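Next comes model-v2.cif, with mmCIF, C-alpha atoms.
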```cif
data_entry
#
loop_
_atom_site.group_PDB
_atom_site.id
_atom_site.type_symbol
_atom_site.label_atom_id
_atom_site.label_comp_id
_atom_site.auth_asym_id
_atom_site.auth_seq_id
_atom_site.Cartn_x
_atom_site.Cartn_y
_atom_site.Cartn_z
ATOM 1 C CA MET A 1 59.619 22.089 27.782
ATOM 2 C CA LYS A 2 63.008 20.677 26.809
ATOM 3 C CA LYS A 3 65.986 21.845 28.831
ATOM 4 C CA ILE A 4 69.664 21.645 27.935
ATOM 5 C CA MET A 5 72.180 20.926 30.648
ATOM 6 C CA SER A 6 75.593 22.479 30.369
ATOM 7 C CA SER A 7 78.375 21.805 32.797
ATOM 8 C CA THR A 8 81.267 23.919 33.865
ATOM 9 C CA ALA A 9 84.043 23.095 36.268
ATOM 10 C CA SER A 10 86.731 25.384 37.587
ATOM 11 C CA SER A 11 89.170 22.524 38.047
ATOM 12 C CA PRO A 12 89.257 18.865 37.049
ATOM 13 C CA ARG A 13 88.790 17.717 40.658
ATOM 14 C CA LYS A 14 85.732 19.804 41.481
ATOM 15 C CA THR A 15 82.206 18.599 40.840
ATOM 16 C CA ALA A 16 80.626 20.013 37.688
ATOM 17 C CA VAL A 17 78.124 22.838 38.100
ATOM 18 C CA HIS A 18 75.060 22.514 35.844
ATOM 19 C CA LYS A 19 73.176 25.407 34.256
ATOM 20 C CA THR A 20 69.745 24.797 32.770
ATOM 21 C CA VAL A 21 68.863 26.727 29.608
ATOM 22 C CA ASP A 22 65.310 26.783 28.243
ATOM 23 C CA VAL A 23 65.821 26.512 24.464
ATOM 24 C CA LYS A 24 62.394 28.010 23.657
ATOM 25 C CA THR A 25 62.957 31.295 25.473
ATOM 26 C CA ALA A 26 66.733 31.574 25.609
ATOM 27 C CA GLU A 27 68.611 34.190 23.631
ATOM 28 C CA PRO A 28 69.970 33.109 20.255
ATOM 29 C CA THR A 29 72.928 30.774 20.537
ATOM 30 C CA LEU A 30 75.605 29.847 18.057
ATOM 31 C CA LEU A 31 73.900 26.472 17.588
ATOM 32 C CA LYS A 32 70.515 28.084 16.864
ATOM 33 C CA GLU A 33 72.146 30.446 14.381
ATOM 34 C CA PHE A 34 73.956 27.566 12.691
ATOM 35 C CA PHE A 35 70.699 25.594 12.519
ATOM 36 C CA MET A 36 68.865 28.520 10.901
ATOM 37 C CA ASP A 37 71.725 29.103 8.462
ATOM 38 C CA SER A 38 71.668 25.419 7.513
ATOM 39 C CA LEU A 39 67.904 25.543 6.941
ATOM 40 C CA LYS A 40 68.354 28.531 4.626
ATOM 41 C CA ASP A 41 71.097 26.653 2.778
ATOM 42 C CA ILE A 42 69.041 23.488 2.159
ATOM 43 C CA TYR A 43 65.996 25.609 1.277
ATOM 44 C CA TRP A 44 68.037 27.235 -1.517
ATOM 45 C CA ALA A 45 69.296 23.802 -2.578
ATOM 46 C CA GLU A 46 65.794 22.325 -2.815
ATOM 47 C CA LYS A 47 64.462 25.313 -4.755
ATOM 48 C CA HIS A 48 67.481 25.113 -7.074
ATOM 49 C CA LEU A 49 66.760 21.425 -7.686
ATOM 50 C CA THR A 50 63.248 22.237 -8.877
ATOM 51 C CA LYS A 51 64.982 24.013 -11.777
ATOM 52 C CA ALA A 52 67.778 21.476 -12.305
ATOM 53 C CA ILE A 53 65.740 18.245 -12.303
ATOM 54 C CA PRO A 54 63.742 19.126 -15.468
ATOM 55 C CA LYS A 55 67.070 19.410 -17.329
ATOM 56 C CA MET A 56 67.914 15.893 -16.187
ATOM 57 C CA VAL A 57 64.502 14.640 -17.318
ATOM 58 C CA LYS A 58 65.109 16.105 -20.758
ATOM 59 C CA ALA A 59 68.633 14.628 -20.970
ATOM 60 C CA ALA A 60 67.706 11.103 -19.823
ATOM 61 C CA THR A 61 67.512 8.354 -22.440
ATOM 62 C CA THR A 62 65.197 5.776 -20.887
ATOM 63 C CA ASP A 63 61.593 6.322 -19.923
ATOM 64 C CA GLU A 64 62.311 4.655 -16.566
ATOM 65 C CA LEU A 65 64.904 7.281 -15.655
ATOM 66 C CA LYS A 66 62.767 10.121 -17.014
ATOM 67 C CA ASP A 67 59.889 8.881 -14.823
ATOM 68 C CA ALA A 68 62.160 8.569 -11.776
ATOM 69 C CA PHE A 69 63.342 12.152 -12.235
ATOM 70 C CA LYS A 70 59.774 13.419 -12.760
ATOM 71 C CA GLU A 71 58.680 11.677 -9.573
ATOM 72 C CA HIS A 72 61.627 13.150 -7.688
ATOM 73 C CA LEU A 73 60.723 16.613 -8.939
ATOM 74 C CA GLU A 74 57.296 16.242 -7.316
ATOM 75 C CA VAL A 75 58.888 15.002 -4.102
ATOM 76 C CA THR A 76 61.368 17.907 -4.151
ATOM 77 C CA GLN A 77 58.510 20.403 -4.500
ATOM 78 C CA GLY A 78 57.071 18.787 -1.368
ATOM 79 C CA HIS A 79 60.421 19.275 0.382
ATOM 80 C CA VAL A 80 60.303 22.986 -0.425
ATOM 81 C CA ALA A 81 56.797 23.218 1.067
ATOM 82 C CA ARG A 82 57.868 21.215 4.137
ATOM 83 C CA LEU A 83 60.824 23.554 4.717
ATOM 84 C CA GLU A 84 58.467 26.516 4.459
ATOM 85 C CA LYS A 85 56.407 24.878 7.223
ATOM 86 C CA VAL A 86 59.583 24.505 9.316
ATOM 87 C CA PHE A 87 60.339 28.214 8.948
ATOM 88 C CA GLU A 88 56.726 28.984 9.879
ATOM 89 C CA LEU A 89 56.968 26.846 13.027
ATOM 90 C CA LEU A 90 60.112 28.764 13.966
ATOM 91 C CA GLY A 91 58.271 32.056 13.446
ATOM 92 C CA LYS A 92 60.629 33.006 10.629
ATOM 93 C CA LYS A 93 60.166 33.958 7.003
ATOM 94 C CA ALA A 94 61.372 31.239 4.608
ATOM 95 C CA THR A 95 64.634 32.653 3.331
ATOM 96 C CA ALA A 96 67.172 31.024 1.045
ATOM 97 C CA LYS A 97 70.931 31.333 1.298
ATOM 98 C CA LYS A 98 72.935 30.203 -1.724
ATOM 99 C CA CYS A 99 74.200 26.654 -1.281
ATOM 100 C CA ASP A 100 77.603 26.500 -2.948
ATOM 101 C CA ALA A 101 77.737 22.713 -2.575
ATOM 102 C CA MET A 102 74.462 22.119 -4.433
ATOM 103 C CA GLU A 103 75.391 24.644 -7.076
ATOM 104 C CA GLY A 104 78.623 22.718 -7.674
ATOM 105 C CA ILE A 105 76.901 19.335 -7.776
ATOM 106 C CA THR A 106 74.299 20.532 -10.290
ATOM 107 C CA ARG A 107 76.970 22.236 -12.388
ATOM 108 C CA GLU A 108 78.749 18.876 -12.537
ATOM 109 C CA ALA A 109 75.497 17.253 -13.700
ATOM 110 C CA GLU A 110 75.264 19.808 -16.512
ATOM 111 C CA SER A 111 78.809 18.957 -17.620
ATOM 112 C CA ILE A 112 77.922 15.256 -17.567
ATOM 113 C CA ILE A 113 75.076 15.987 -19.962
ATOM 114 C CA ALA A 114 77.423 17.910 -22.242
ATOM 115 C CA GLU A 115 80.135 15.249 -22.136
ATOM 116 C CA THR A 116 78.032 12.115 -22.704
ATOM 117 C CA GLU A 117 76.404 10.970 -25.905
ATOM 118 C CA GLN A 118 72.755 11.856 -26.286
ATOM 119 C CA GLY A 119 70.519 8.795 -26.363
ATOM 120 C CA SER A 120 73.100 6.511 -24.729
ATOM 121 C CA TYR A 121 72.667 4.310 -21.688
ATOM 122 C CA THR A 122 76.050 5.623 -20.559
ATOM 123 C CA ARG A 123 74.473 9.069 -20.231
ATOM 124 C CA ASP A 124 71.748 7.554 -18.056
ATOM 125 C CA ALA A 125 74.347 5.787 -15.893
ATOM 126 C CA ALA A 126 76.184 9.106 -15.523
ATOM 127 C CA LEU A 127 72.954 10.969 -14.727
ATOM 128 C CA ILE A 128 72.141 8.429 -12.011
ATOM 129 C CA MET A 129 75.573 9.001 -10.511
ATOM 130 C CA ALA A 130 75.042 12.762 -10.601
ATOM 131 C CA ALA A 131 71.594 12.419 -9.025
ATOM 132 C CA GLN A 132 72.974 10.199 -6.279
ATOM 133 C CA LYS A 133 75.595 12.822 -5.449
ATOM 134 C CA VAL A 134 72.674 15.201 -4.884
ATOM 135 C CA GLU A 135 70.871 12.617 -2.741
ATOM 136 C CA HIS A 136 73.933 11.884 -0.614
ATOM 137 C CA TYR A 137 74.458 15.588 0.059
ATOM 138 C CA GLU A 138 70.812 15.920 1.053
ATOM 139 C CA ILE A 139 70.918 12.792 3.230
ATOM 140 C CA ALA A 140 73.941 14.167 5.104
ATOM 141 C CA THR A 141 72.312 17.577 5.532
ATOM 142 C CA TYR A 142 68.878 16.370 6.611
ATOM 143 C CA GLY A 143 70.393 13.754 8.924
ATOM 144 C CA SER A 144 72.285 16.480 10.754
ATOM 145 C CA LEU A 145 69.301 18.856 10.777
ATOM 146 C CA VAL A 146 67.077 16.176 12.334
ATOM 147 C CA HIS A 147 69.486 15.785 15.236
ATOM 148 C CA LEU A 148 70.091 19.503 15.645
ATOM 149 C CA ALA A 149 66.341 20.179 15.767
ATOM 150 C CA SER A 150 65.970 17.488 18.398
ATOM 151 C CA THR A 151 68.865 18.914 20.413
ATOM 152 C CA LEU A 152 67.218 22.337 20.285
ATOM 153 C CA GLY A 153 63.958 20.854 21.588
ATOM 154 C CA GLU A 154 62.178 21.346 18.262
ATOM 155 C CA ASN A 155 60.621 17.873 18.113
ATOM 156 C CA GLU A 156 57.890 18.709 15.589
ATOM 157 C CA ILE A 157 60.500 20.206 13.274
ATOM 158 C CA SER A 158 62.764 17.218 13.806
ATOM 159 C CA SER A 159 59.887 14.938 12.773
ATOM 160 C CA LEU A 160 59.181 16.975 9.630
ATOM 161 C CA LEU A 161 62.850 16.917 8.632
ATOM 162 C CA LYS A 162 63.005 13.171 9.346
ATOM 163 C CA SER A 163 60.205 12.661 6.798
ATOM 164 C CA THR A 164 62.300 14.438 4.182
ATOM 165 C CA LEU A 165 65.396 12.452 5.176
ATOM 166 C CA ASN A 166 63.486 9.198 4.660
ATOM 167 C CA GLU A 167 62.265 10.329 1.231
ATOM 168 C CA GLU A 168 65.828 11.227 0.193
ATOM 169 C CA LYS A 169 66.990 7.755 1.235
ATOM 170 C CA GLU A 170 64.143 6.151 -0.739
ATOM 171 C CA THR A 171 65.106 8.110 -3.864
ATOM 172 C CA ASP A 172 68.730 7.056 -3.498
ATOM 173 C CA GLN A 173 67.697 3.397 -3.184
ATOM 174 C CA ALA A 174 65.401 3.648 -6.206
ATOM 175 C CA LEU A 175 68.211 5.131 -8.307
ATOM 176 C CA THR A 176 70.573 2.373 -7.190
ATOM 177 C CA ALA A 177 68.040 -0.287 -8.167
ATOM 178 C CA LEU A 178 67.495 1.322 -11.573
ATOM 179 C CA ALA A 179 71.233 1.452 -12.219
ATOM 180 C CA GLU A 180 71.930 -2.093 -11.036
ATOM 181 C CA ASN A 181 68.908 -3.752 -12.621
ATOM 182 C CA THR A 182 68.936 -2.197 -16.100
ATOM 183 C CA ILE A 183 70.914 0.932 -16.945
ATOM 184 C CA ASN A 184 74.488 -0.092 -16.114
ATOM 185 C CA GLN A 185 74.174 -3.423 -17.882
ATOM 186 C CA ALA A 186 72.667 -1.791 -20.970
ATOM 187 C CA ALA A 187 75.494 0.777 -20.995
ATOM 188 C CA LEU A 188 77.983 -2.051 -21.587
ATOM 189 C CA ASN A 189 76.713 -2.214 -25.170
ATOM 190 C CA ASP A 190 77.146 1.500 -25.949
ATOM 191 C CA GLN A 191 79.639 1.995 -28.754
ATOM 192 C CA GLU A 192 81.820 5.040 -29.399
#
```
Please rewrite the model in this file as structure tokens.
Amino acid sequence: MKKIMSSTASSPRKTAVHKTVDVKTAEPTLLKEFFMDSLKDIYWAEKHLTKAIPKMVKAATTDELKDAFKEHLEVTQGHVARLEKVFELLGKKATAKKCDAMEGITREAESIIAETEQGSYTRDAALIMAAQKVEHYEIATYGSLVHLASTLGENEISSLLKSTLNEEKETDQALTALAENTINQAALNDQE
């Protein structure tokens, strides 16, 4: 069982006194509550993405980008299921809490669609940028959740979240390659 050591000292010169807290049986802590709140937040974000990604598929110009978005939709559905497993392992019901950050990022993607010319490579370049903003938010969130789970002694959960983190990084790299290898260069020829 993982133990957390906390130290307290009544003065700077005295030796620290250590208390051992068993994270599996201890009362809820602020860190545990923050961890659960963050799980609810990313759960909402992932579920929201399952509705937002099809709009990006429809708006994309190239088959390559459409396929990349379709593939990411499948991966995102897997992330939702994996988060449900995390909640199950914690003995909690999978509950979503509105993620204002993801709502804002996807709203920006919708405005990109409205503001770029249909059928243009520039729209695809803009959609890749919007998708990478989503990925970077998810990478930051999952990276932190992996470490928090580990700190809380939830190693199985940390491993599950690490799998999602790696998939988010792979998606980001694939989008970068698509932009650099074809889309951005093709967008140079778009005319007003």
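What separates CA of His136 (chain A) from CA of Val86 (chain A) is a distance of 21.5 Å.
Between CA of Leu165 (chain A) and CA of Ala68 (chain A) the separation is 17.7 Å.
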Practice problem: Using the chain letters and numbering of this document, enumerate as a ChimeraX atom specification the residues selected by the PyMOL selection byres ((chain A and resi 41-57) around 7). | Solution: /A:37-40,58-60,66,69-70,73,76-77,79-80,83,96-99,102,106
Exercise. Measuring atom to atom with only C-alpha atoms, identify which of A:Leu148, A:Ile157, A:Leu65, A:Ala101 is nearest to Glu88 (chain A).
Key: A:Ile157
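Here CA of Ala179 (chain A) and CA of Ala130 (chain A) stand 12.0 Å from one another.
Residues in contact with Val146 (chain A) at up to 12 Å, not including ones fewer than 4 positions away on its chain and judged by only C-alpha atoms, are Phe35, Ser38, Leu39, Val86, Glu138, Ile139, Ala140, Thr141, Tyr142, Ser150, Thr151, Leu152, Gly153, Glu154, Asn155, Glu156, Ile157, Ser158, Ser159, Leu160, Leu161, Lys162, Ser163, Thr164, Leu165 and Asn166 of chain A.
Considering all atoms listed in the file, the residue among A:Ser120, A:Ala131, A:Ala186, A:Glu84 positioned nearest to Arg107 (chain A) is A:Ala131.
The residue that comes closest to Leu31 (chain A), out of A:Leu145, A:Ala174, A:Thr182, A:Lys169 and on the basis of all atoms listed in the file, is A:Leu145.
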